[in-house]
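To start, the structure under review is shown below, and the notes come after it.
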Amino acid sequence: MPLFEIEKTKLQPVTQKNFVKEKDLQTLVEKNLETVFNCRFVASEFPTGVQHGGRIDTLALSEENNPVIIEYKKVESSELITQSLFYLAWIFNHRGDYEIAVQRSLGSDVEIDWSGVRVICIAPNYRKYDVHAVEVMGANIELWTYRLFRDELIYFEEIGKTQITGFTTGDSEGKDPKMVAAGKKAAITQATQTFTFKEHIEGKPKKIVDLAYTIQEYILGIDSAIEENPRKLYVGYRTSQNIVCMEIQNQKICLFIKLDPKTHKGPPGISRDVSGIGHYGTGDLEVTVISEEDLEATKPFIEKAYEIIGG
C-alpha cells in the first residue's frame with residue numbers, strides 16, 4: 001500500500017527512493033538504535049576472525065540485556081538470511097568475544113542475558129522462499145522491511161518472526177549444510193530457554209489468573225503488531241521494543257510501562273517511579289493492578305506508551 005500525503009482534501013502518493021549505499025542504511029540505524037529497537041550500540045563491522053572470515057554489520061545489546069545481531073541489505077537478497085544464520089551460530093561459540101566488546105563499549109558492570117539472542121535482518125523485501133526457509137530452519141530471526149520516501153521519511157515493519165519451541169530437520173537436500181547445521185544449533189540452544197504465559201499464571205489464585213488474562217487480551221487487542229514475549233520473570237509486550245511488561249505475583253500484577261514517570265505519573269495511588277530502582281521488567285513507570293478498575297485507570301498510560309513507541 002503506498003503512503004499518501006494529504007494536501008487539503010487530495011491524496012498525493014509520497015515518492016519512494018532508496019539509499020545510495022548500504023552503509024548509509026546501516027549508519028542511520030546505528031545512530032538511532034535506541035529510538036527504533038531500544039538497543040545500545042556495541043560495535044560496527046565486528047570481525048569474526050580468520051576461520052569464519054566475516055564481519056557482523058552491527059552488534060548491540062537489547063533493553064533486556066540480550067545480544068543483538070543486525071544485518072542489512074539495500075536490495076532483496078537471500079544472502080542476508082544465510083549470513084545471519086552464520087553469525088547466529090558464531091556468537092554462541094564466541095560468547096567471550098561478544099562480552100569483551102560489550103565491556104569495551106558499555107562498561108564492565110553490564111550483565112549479559114544469554115537466554116535469547118536477537119537477530120534482526122533489515123532489507124526492502126524478502127522472497128517468500130527465504131521467509132519459509134527461516135521457519136523451517138528454526139532460527140530465531142526477525143525479518144524487517146524498510147521503505148525510504150522523499151522528505152526524509154522512513155518506515156520500518158516486521159514481516160515475520162519465528163519463536164523457537166524446537167527445531168525441524170526437514171529435507172536438507174539442496175541446502176547449504178553449514179546453514180542447516182547453524183539453524184539447528186541455534187534452535188537447540190534457544191529451545192531450552194523458552195518460556196510461556198501459562199508458566200507465569202500456574203499456581204496463582206483464580207482472581208489473579210483471570211485478571212492476567214484480561215490484561216493480556218487488552219494489550220494484544222490494541223494492535224495486531226504487538227507481540228507477547230514471555231521471559232523468565234515477566235511477560236513483555238512489544239512492537240520493535242517493549243511497550244509494557246507484566247509481572248504476575250500471588251496477590252497483585254505489576255505493570256512496567258515504557259513511559260517517563262516525570263512526565264506521565266500514572267494512576268494516583270497505584271503508581272510509582274522505578275527509574276532508580278532495580279526491577280525485572282523494562283519500563284520506568286510501575287503500576288500495581290489488583291482489580292479491573294485499576295486496569296481501566298491504567299489503560300490510557302499503556303496506550304500512550306504504544307503511541308510513543310509506534311505500532
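Chain lettering (A, B, ...) mirrors the order of the C-alpha cells, residue numbering begins at 1 for each chain separately, and ligand numbering begins at 1 in order of display.
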From a DSSP pass on the backbone, collect the residues of segment 14-250 of chain A flagged as helix (DSSP H, G or I) and hand them back as an MDAnalysis selection string. chainID A and resid 22:31 33:37 49:52 79:93 95:106 128:137 177:191 197:201 206:222
Contacts of Arg104 of chain A within 12 Å, only C-alpha atoms, excl. fewer than 5 positions in-chain, as a list in words: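 Using only C-alpha atoms, the neighbours found are Phe41, Val42, Ala43, Asp97, Tyr98, Glu99, Asp109 and Val110 of chain A.
Omitting segment 245-262 of chain A and its sequence neighbours fewer than 6 positions away, and counting only C-alpha atoms, the residues within 8 Å are His200, Ile201, Lys204, Pro205, Ile208, Ala212, Leu233, Tyr234, Val235, Gly236, Tyr237, Arg272, Asp273, Ser275, Tyr280, Gly281, Thr282, Gly283, Asp284, Leu285, Glu286, Val287, Thr288, Val289, Ile290, Phe301, Ile302 and Ala305 of chain A.
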Include N, CA and C atoms and write out the residues we just selected as a PDB file, in the first residue's frame.
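Once written, out.pdb looks like this:
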```pdb
ATOM      1  N   HIS A 200       3.635 -18.459  33.836  1.00  0.00           N
ATOM      2  CA  HIS A 200       3.563 -17.309  34.746  1.00  0.00           C
ATOM      3  C   HIS A 200       2.289 -17.303  35.591  1.00  0.00           C
ATOM      4  N   ILE A 201       1.250 -17.973  35.134  1.00  0.00           N
ATOM      5  CA  ILE A 201      -0.005 -17.972  35.895  1.00  0.00           C
ATOM      6  C   ILE A 201      -0.212 -19.262  36.683  1.00  0.00           C
ATOM      7  N   LYS A 204      -1.200 -19.549  40.620  1.00  0.00           N
ATOM      8  CA  LYS A 204      -1.676 -18.256  41.116  1.00  0.00           C
ATOM      9  C   LYS A 204      -3.174 -18.354  41.438  1.00  0.00           C
ATOM     10  N   PRO A 205      -3.690 -17.525  42.364  1.00  0.00           N
ATOM     11  CA  PRO A 205      -5.129 -17.516  42.681  1.00  0.00           C
ATOM     12  C   PRO A 205      -5.963 -17.202  41.439  1.00  0.00           C
ATOM     13  N   ILE A 208      -6.283 -13.583  40.298  1.00  0.00           N
ATOM     14  CA  ILE A 208      -5.105 -13.043  39.624  1.00  0.00           C
ATOM     15  C   ILE A 208      -4.992 -13.614  38.210  1.00  0.00           C
ATOM     16  N   ALA A 212      -4.970 -11.482  34.865  1.00  0.00           N
ATOM     17  CA  ALA A 212      -3.844 -11.575  33.931  1.00  0.00           C
ATOM     18  C   ALA A 212      -4.337 -11.815  32.509  1.00  0.00           C
ATOM     19  N   LEU A 233      11.009 -14.042  34.226  1.00  0.00           N
ATOM     20  CA  LEU A 233      10.426 -13.409  35.404  1.00  0.00           C
ATOM     21  C   LEU A 233       9.272 -12.461  35.089  1.00  0.00           C
ATOM     22  N   TYR A 234       8.977 -12.260  33.815  1.00  0.00           N
ATOM     23  CA  TYR A 234       7.866 -11.385  33.441  1.00  0.00           C
ATOM     24  C   TYR A 234       7.450 -11.692  32.010  1.00  0.00           C
ATOM     25  N   VAL A 235       6.351 -11.063  31.581  1.00  0.00           N
ATOM     26  CA  VAL A 235       5.867 -11.207  30.209  1.00  0.00           C
ATOM     27  C   VAL A 235       5.932  -9.832  29.556  1.00  0.00           C
ATOM     28  N   GLY A 236       6.672  -9.733  28.459  1.00  0.00           N
ATOM     29  CA  GLY A 236       6.795  -8.466  27.756  1.00  0.00           C
ATOM     30  C   GLY A 236       5.830  -8.379  26.589  1.00  0.00           C
ATOM     31  N   TYR A 237       5.398  -7.170  26.265  1.00  0.00           N
ATOM     32  CA  TYR A 237       4.548  -6.913  25.103  1.00  0.00           C
ATOM     33  C   TYR A 237       5.236  -5.835  24.287  1.00  0.00           C
ATOM     34  N   ARG A 272       4.247   4.320  40.724  1.00  0.00           N
ATOM     35  CA  ARG A 272       5.481   4.870  41.277  1.00  0.00           C
ATOM     36  C   ARG A 272       6.573   4.891  40.217  1.00  0.00           C
ATOM     37  N   ASP A 273       7.531   5.751  40.440  1.00  0.00           N
ATOM     38  CA  ASP A 273       8.691   5.901  39.566  1.00  0.00           C
ATOM     39  C   ASP A 273       9.743   4.880  40.001  1.00  0.00           C
ATOM     40  N   SER A 275      12.514   4.278  38.035  1.00  0.00           N
ATOM     41  CA  SER A 275      13.674   4.506  37.166  1.00  0.00           C
ATOM     42  C   SER A 275      14.990   4.320  37.903  1.00  0.00           C
ATOM     43  N   TYR A 280      12.435  -6.227  37.462  1.00  0.00           N
ATOM     44  CA  TYR A 280      12.621  -7.225  36.426  1.00  0.00           C
ATOM     45  C   TYR A 280      12.209  -6.735  35.044  1.00  0.00           C
ATOM     46  N   GLY A 281      11.032  -6.164  34.921  1.00  0.00           N
ATOM     47  CA  GLY A 281      10.554  -5.733  33.618  1.00  0.00           C
ATOM     48  C   GLY A 281      11.221  -4.456  33.152  1.00  0.00           C
ATOM     49  N   THR A 282      11.165  -4.183  31.847  1.00  0.00           N
ATOM     50  CA  THR A 282      11.657  -2.915  31.329  1.00  0.00           C
ATOM     51  C   THR A 282      10.496  -1.924  31.309  1.00  0.00           C
ATOM     52  N   GLY A 283      10.769  -0.694  31.663  1.00  0.00           N
ATOM     53  CA  GLY A 283       9.737   0.325  31.799  1.00  0.00           C
ATOM     54  C   GLY A 283       9.870   0.981  33.151  1.00  0.00           C
ATOM     55  N   ASP A 284       9.871   2.302  33.199  1.00  0.00           N
ATOM     56  CA  ASP A 284      10.165   3.030  34.435  1.00  0.00           C
ATOM     57  C   ASP A 284       8.931   3.448  35.222  1.00  0.00           C
ATOM     58  N   LEU A 285       7.741   3.298  34.627  1.00  0.00           N
ATOM     59  CA  LEU A 285       6.508   3.602  35.359  1.00  0.00           C
ATOM     60  C   LEU A 285       5.873   2.288  35.805  1.00  0.00           C
ATOM     61  N   GLU A 286       5.878   2.054  37.114  1.00  0.00           N
ATOM     62  CA  GLU A 286       5.276   0.829  37.664  1.00  0.00           C
ATOM     63  C   GLU A 286       3.854   1.129  38.140  1.00  0.00           C
ATOM     64  N   VAL A 287       2.922   0.303  37.717  1.00  0.00           N
ATOM     65  CA  VAL A 287       1.529   0.412  38.174  1.00  0.00           C
ATOM     66  C   VAL A 287       1.124  -0.931  38.771  1.00  0.00           C
ATOM     67  N   THR A 288       0.622  -0.903  40.003  1.00  0.00           N
ATOM     68  CA  THR A 288       0.174  -2.122  40.678  1.00  0.00           C
ATOM     69  C   THR A 288      -1.314  -2.314  40.427  1.00  0.00           C
ATOM     70  N   VAL A 289      -1.668  -3.427  39.822  1.00  0.00           N
ATOM     71  CA  VAL A 289      -3.053  -3.703  39.434  1.00  0.00           C
ATOM     72  C   VAL A 289      -3.570  -4.891  40.242  1.00  0.00           C
ATOM     73  N   ILE A 290      -4.674  -4.684  40.948  1.00  0.00           N
ATOM     74  CA  ILE A 290      -5.289  -5.783  41.703  1.00  0.00           C
ATOM     75  C   ILE A 290      -6.761  -5.965  41.327  1.00  0.00           C
ATOM     76  N   PHE A 301      -2.449   5.000  29.931  1.00  0.00           N
ATOM     77  CA  PHE A 301      -0.999   5.101  30.005  1.00  0.00           C
ATOM     78  C   PHE A 301      -0.326   4.036  29.134  1.00  0.00           C
ATOM     79  N   ILE A 302      -0.927   2.845  29.075  1.00  0.00           N
ATOM     80  CA  ILE A 302      -0.418   1.811  28.166  1.00  0.00           C
ATOM     81  C   ILE A 302      -0.575   2.275  26.725  1.00  0.00           C
ATOM     82  N   ALA A 305       2.040   4.838  25.847  1.00  0.00           N
ATOM     83  CA  ALA A 305       3.329   4.206  25.578  1.00  0.00           C
ATOM     84  C   ALA A 305       3.350   3.601  24.191  1.00  0.00           C
TER      85      ALA A 305
END
```
Looking at only C-alpha atoms, which of A:Thr82, A:Ala89, A:Lys304, A:Phe149 is the one that sits closest to Pro13 of chain A?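 Of A:Thr82, A:Ala89, A:Lys304, A:Phe149, the one nearest Pro13 of chain A is A:Phe149, counting only C-alpha atoms.
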List the spatial neighbours of Asp223 of chain A as a ChimeraX atom specification - criterion: any atom at most 12 Å away, only C-alpha atoms, same-chain residues fewer than 6 positions off excluded. /A:217,237-239,243,303,306-307,310-311
Among the residues A:Leu220, A:Ala297, A:Ala123, A:Leu3, the one that comes closest to Ser78 of chain A [using only C-alpha atoms]: A:Ala123
To one decimal place in Å, what is the distance between atom CA of Ile309 of chain A and atom CA of Thr15 of chain A?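 So the two atoms, atom CA of Ile309 of chain A and atom CA of Thr15 of chain A, lie 25.0 Å apart.
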Enumerate as an NGL selection string all residues of segment 9-251 of chain A assigned to strand (DSSP E) by DSSP on the backbone, naming them with the chain letters and numbers the document uses. :A and (10-13 or 16-17 or 40-47 or 55-61 or 67-72 or 118-123 or 141-149 or 153-161 or 227-230 or 235-238 or 242-248)
Exercise: segment 27-33 of chain A partners within 10 Å, only C-alpha atoms, chain neighbours under 2 positions left out, as a PDB file with C-alpha atoms, in the first residue's frame:
```pdb
ATOM      1  CA  GLU A  22      24.088   0.126   2.003  1.00  0.00           C
ATOM      2  CA  LYS A  23      26.365   1.729   4.583  1.00  0.00           C
ATOM      3  CA  ASP A  24      24.000   4.728   4.692  1.00  0.00           C
ATOM      4  CA  LEU A  25      21.192   2.453   5.921  1.00  0.00           C
ATOM      5  CA  THR A  35      14.746   5.029  19.002  1.00  0.00           C
ATOM      6  CA  VAL A  36      13.960   2.158  16.623  1.00  0.00           C
ATOM      7  CA  PHE A  37      14.809  -1.004  18.593  1.00  0.00           C
ATOM      8  CA  ASN A  38      15.661   0.317  22.091  1.00  0.00           C
ATOM      9  CA  CYS A  39      19.114  -1.247  21.861  1.00  0.00           C
ATOM     10  CA  ARG A  40      22.515   0.041  22.898  1.00  0.00           C
ATOM     11  CA  PHE A  41      25.256   0.145  20.290  1.00  0.00           C
ATOM     12  CA  VAL A  42      28.194  -2.209  20.855  1.00  0.00           C
ATOM     13  CA  ALA A  43      30.225  -2.416  17.625  1.00  0.00           C
ATOM     14  CA  SER A  44      30.124  -1.899  13.877  1.00  0.00           C
ATOM     15  CA  ASP A  57      27.331  -5.383  10.413  1.00  0.00           C
ATOM     16  CA  THR A  58      26.109  -4.281  13.849  1.00  0.00           C
ATOM     17  CA  LEU A  59      26.415  -5.715  17.350  1.00  0.00           C
ATOM     18  CA  ALA A  60      24.123  -4.305  20.006  1.00  0.00           C
ATOM     19  CA  LEU A  61      22.602  -5.065  23.401  1.00  0.00           C
ATOM     20  CA  SER A  62      18.822  -5.164  23.808  1.00  0.00           C
ATOM     21  CA  ILE A  70      21.806  -6.719  12.886  1.00  0.00           C
ATOM     22  CA  TYR A  72      21.434  -5.031   6.304  1.00  0.00           C
ATOM     23  CA  ILE A 122      16.702  -5.276   7.524  1.00  0.00           C
TER      24      ILE A 122
END
```
Would you compute the distance between atom CA of Ile69 of chain A and atom CA of Trp90 of chain A? Give it in Å to one decimal.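 A separation of 10.8 Å between them.
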Given the choices A:Phe195, A:Gln216, A:Glu228, A:Glu64, which gets closest to His279 of chain A if the distance is worked out from only C-alpha atoms?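 Looking at the shortest contact to His279 of chain A, the residue is A:Glu64.
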Length of the atom CA of Gln83 of chain A to atom CA of Ile120 of chain A vector [Å]: 11.4 Å
Counting only C-alpha atoms, the residue among A:Thr214, A:Ser240, A:Thr298, A:Ser224 that lies closest to Glu157 of chain A is A:Ser240
Residue with smallest distance to Ala133 of chain A - pool A:Lys206, A:Glu199, A:Ile81, A:Phe19, counting only C-alpha atoms: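 The closest residue to Ala133 of chain A is A:Ile81.
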